[in-house]
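Reading through the structure tokens given below for one structure.
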Amino acid sequence: MNKKKRYLKEIFVKLFGFFGPQHWWPADGPFEVAIGAILTQNTNWQNVEKAISNLKNQGILNAEAIHSTPLQTLARFIKPAGYYNVKARRLKAFVQFLIEEFRGKIEEMASEDIPSLRKKLLQVYGIGPETADSILLYALNKPVFVVDAYTKRILSRHGLINKKASYEEIQSLFHQAMEPDPFIYNEYHALIVKLGKTFCRPRPLCRECPLRIAR
DNA sequence: TGCCAGGCCGGGT
DNA sequence: ACCCGGCATGGC
């Protein structure tokens with residue numbers, strides 16, 4: 001549908017014009033991006049920053065250290081991020097995968113082709129589609145669009161999808177509408193999050209929204 | 001004070 | 001193939 005493509009392009013232009021560049025991901029290097037991607041699952045980024053700060057202060061923000069830190073101890077350090085027991089297990093599962101497949105070096109993931117790498121990531125405990133795509137885009141700079149709850153909400157409110165649309169379905173809309181440019185995908189997702197937090201919350205502020213849908 | 005936040009897993013239908 | 005309960009902290 002050509003109309004949807006133009007609509008999606010238009011949304012990007014409006015958001016970028018209104019909010020400006022977002023300069024995501026707010027992290028120091030690709031490994032920290034991946035850890036943050038797991039920690040921020042259904043969680044405020046502000047809380048994630050505290051957890052990451054703890055890991056840094058403990059000097060264990062690297063694959064080997066997380067691997068060798070006892071589960072309970074790791075859970076204690078990431079407590080501010082919420083769901084700390086499951087997330088501790090997820091962090092360990094991820095670094096285990098990283099060590100087994102890429103000698104613990106996340107940079108080495110970049111040489112693998114996107115579809116097979118995405119499939120591998122999805123097999124890791126605690127990594128679903130959004131987290132996998134966040135790692136691909138924000139840690140490895142791959143042209144993969146990240147879909148999240150805000151994306152669904154906004155597209156649904158604009159009548160571009162129905163509520164039961166699947167993750168891949170929504171993702172393919174963006175992949176068809178926009179050039180496969182990591183910079184564009186990076187900014188677009190970040191801008192959607194910005195819009196979601198500012199105007200498109202469960203109780204929306206449509207009057208002040210830069211997209212201003214009539215309803 | 002409650003609602004909400006940059007999801008995912010596992011069991012049940 | 002979907003649907004839903006569970007997981008938990010901290011900020012506004």
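Order determines the names: the first chain of the structure tokens is A, the second B, and so forth; residues in each chain are numbered 1 upward, and ligands are numbered 1 upward as they are shown.
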For DC9 of chain B, work out the shell of residues within 10 Å, counting only C-alpha atoms (C1' of nucleotides) and skipping chain neighbours fewer than 4 positions away, then give it as a JSON list (two decimals) with N, CA and C atoms (P, O5', C5', C4', C3', O3' and C1' of nucleotides), in the first residue's frame.
[["chain", "number", "residue", "atom", "x", "y", "z"],
["A", 86, "VAL", "N", 14.91, -12.59, 36.80],
["A", 86, "VAL", "CA", 14.87, -13.08, 35.42],
["A", 86, "VAL", "C", 15.91, -12.38, 34.56],
["A", 125, "TYR", "N", 17.85, -17.39, 25.48],
["A", 125, "TYR", "CA", 16.84, -17.17, 26.51],
["A", 125, "TYR", "C", 16.78, -15.68, 26.87],
["A", 126, "GLY", "N", 15.59, -15.12, 26.83],
["A", 126, "GLY", "CA", 15.41, -13.73, 27.24],
["A", 126, "GLY", "C", 15.55, -12.73, 26.12],
["A", 127, "ILE", "N", 15.85, -13.19, 24.92],
["A", 127, "ILE", "CA", 15.95, -12.28, 23.78],
["A", 127, "ILE", "C", 14.79, -12.56, 22.82],
["A", 128, "GLY", "N", 13.86, -11.60, 22.76],
["A", 128, "GLY", "CA", 12.74, -11.68, 21.82],
["A", 128, "GLY", "C", 13.01, -10.76, 20.65],
["C", 6, "DG", "P", -0.60, -14.37, 38.47],
["C", 6, "DG", "O5'", 0.98, -14.32, 38.20],
["C", 6, "DG", "C5'", 1.68, -15.54, 37.99],
["C", 6, "DG", "C4'", 3.14, -15.24, 37.67],
["C", 6, "DG", "C3'", 3.78, -14.18, 38.58],
["C", 6, "DG", "O3'", 4.99, -14.71, 39.11],
["C", 6, "DG", "C1'", 4.14, -13.65, 36.29],
["C", 7, "DC", "P", 5.71, -14.03, 40.31],
["C", 7, "DC", "O5'", 6.87, -13.20, 39.59],
["C", 7, "DC", "C5'", 7.88, -13.89, 38.87],
["C", 7, "DC", "C4'", 8.65, -12.89, 38.04],
["C", 7, "DC", "C3'", 9.14, -11.65, 38.81],
["C", 7, "DC", "O3'", 10.51, -11.47, 38.53],
["C", 7, "DC", "C1'", 8.15, -11.03, 36.80]]
### Task
Kindly provide, as an MDAnalysis selection string, the residues of chain C having any atom no farther than 8 Å from an atom of chain A, counting only C-alpha atoms (C1' of nucleotides).
chainID C and resid 7:10
### Message
Based on the backbone DSSP call, show me all residues of chain A assigned alpha helix (DSSP H), as number ranges by chain.
### Response
A: 2-19, 30-39, 45-57, 63-68, 71-77, 84-102, 114-123, 129-134, 149-157, 167-177, 182-198
Residues of chain B at most 7 Å from chain A: nearest atom pair and distance in Å, only C-alpha atoms (C1' of nucleotides), as CSV:
residue,atom,partner,partner_atom,distance
B:DA5,C1',A:Asn44,CA,4.2
B:DG6,C1',A:Thr40,CA,6.4
B:DG7,C1',A:Gln41,CA,4.7
B:DC8,C1',A:Gly126,CA,5.9
### Task
Write out as a VMD selection string each polymer residue whose atoms come within 12 Å of DC2 of chain C, counting only C-alpha atoms (C1' of nucleotides); drop sequence neighbours fewer than 6 positions from it.
(chain A and resid 164 to 166) or (chain B and resid 12 to 13)
### Message
Please list as an MDAnalysis selection string every residue within 9 Å of segment 101-106 of chain A, counting only C-alpha atoms (C1' of nucleotides) and excluding residues in the same chain fewer than 4 positions away.
### Response
chainID A and resid 30:31 34 62:64 95:97 110 139:140
Using N, CA and C atoms, can you write the selected residues to a file as an mmCIF file, in the first residue's frame?
data_model
loop_
_atom_site.group_PDB
_atom_site.id
_atom_site.type_symbol
_atom_site.label_atom_id
_atom_site.label_comp_id
_atom_site.auth_asym_id
_atom_site.auth_seq_id
_atom_site.Cartn_x
_atom_site.Cartn_y
_atom_site.Cartn_z
ATOM 1 N N PRO A 30 29.136 -1.163 22.005
ATOM 2 C CA PRO A 30 28.104 -2.135 21.614
ATOM 3 C C PRO A 30 27.734 -3.139 22.705
ATOM 4 N N PHE A 31 28.689 -3.541 23.510
ATOM 5 C CA PHE A 31 28.352 -4.502 24.568
ATOM 6 C C PHE A 31 27.389 -3.875 25.571
ATOM 7 N N ALA A 34 23.880 -3.826 24.231
ATOM 8 C CA ALA A 34 23.178 -5.113 24.320
ATOM 9 C C ALA A 34 22.691 -5.384 25.742
ATOM 10 N N ASN A 62 31.440 -6.582 31.360
ATOM 11 C CA ASN A 62 32.047 -7.285 30.223
ATOM 12 C C ASN A 62 31.625 -8.748 30.291
ATOM 13 N N ALA A 63 31.737 -9.440 29.185
ATOM 14 C CA ALA A 63 31.171 -10.791 29.070
ATOM 15 C C ALA A 63 31.762 -11.759 30.101
ATOM 16 N N GLU A 64 33.074 -11.789 30.220
ATOM 17 C CA GLU A 64 33.706 -12.757 31.117
ATOM 18 C C GLU A 64 33.296 -12.521 32.560
ATOM 19 N N VAL A 95 25.614 -13.524 27.599
ATOM 20 C CA VAL A 95 27.082 -13.568 27.567
ATOM 21 C C VAL A 95 27.579 -14.997 27.311
ATOM 22 N N GLN A 96 26.838 -15.965 27.788
ATOM 23 C CA GLN A 96 27.164 -17.365 27.477
ATOM 24 C C GLN A 96 27.176 -17.579 25.964
ATOM 25 N N PHE A 97 26.106 -17.114 25.329
ATOM 26 C CA PHE A 97 26.004 -17.178 23.862
ATOM 27 C C PHE A 97 27.163 -16.442 23.191
ATOM 28 N N ALA A 110 29.137 -8.821 13.957
ATOM 29 C CA ALA A 110 28.821 -7.948 12.821
ATOM 30 C C ALA A 110 29.138 -8.585 11.477
ATOM 31 N N ALA A 139 23.564 -1.774 18.431
ATOM 32 C CA ALA A 139 24.909 -2.235 18.786
ATOM 33 C C ALA A 139 25.745 -2.505 17.541
ATOM 34 N N LEU A 140 25.105 -3.058 16.486
ATOM 35 C CA LEU A 140 25.862 -3.487 15.309
ATOM 36 C C LEU A 140 25.634 -2.620 14.088
#
### Task
May I ask for the distance between atom CA of Met178 of chain A and atom CA of Asp28 of chain A, given in Å to one decimal place?
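That distance, rounded to one decimal, is 27.6 Å.
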### Message
Quick check, in Å to one decimal: how far apart do atom CA of Leu15 of chain A and atom CA of Glu169 of chain A lie?
### Response
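Distance reported for this atom pair: 22.2 Å.
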### Message
Between atom CA of Asn186 of chain A and atom CA of Ala93 of chain A, what is the distance in Å, rounded to a tenth?
### Response
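About the pair atom CA of Asn186 of chain A and atom CA of Ala93 of chain A: they are 25.8 Å apart.
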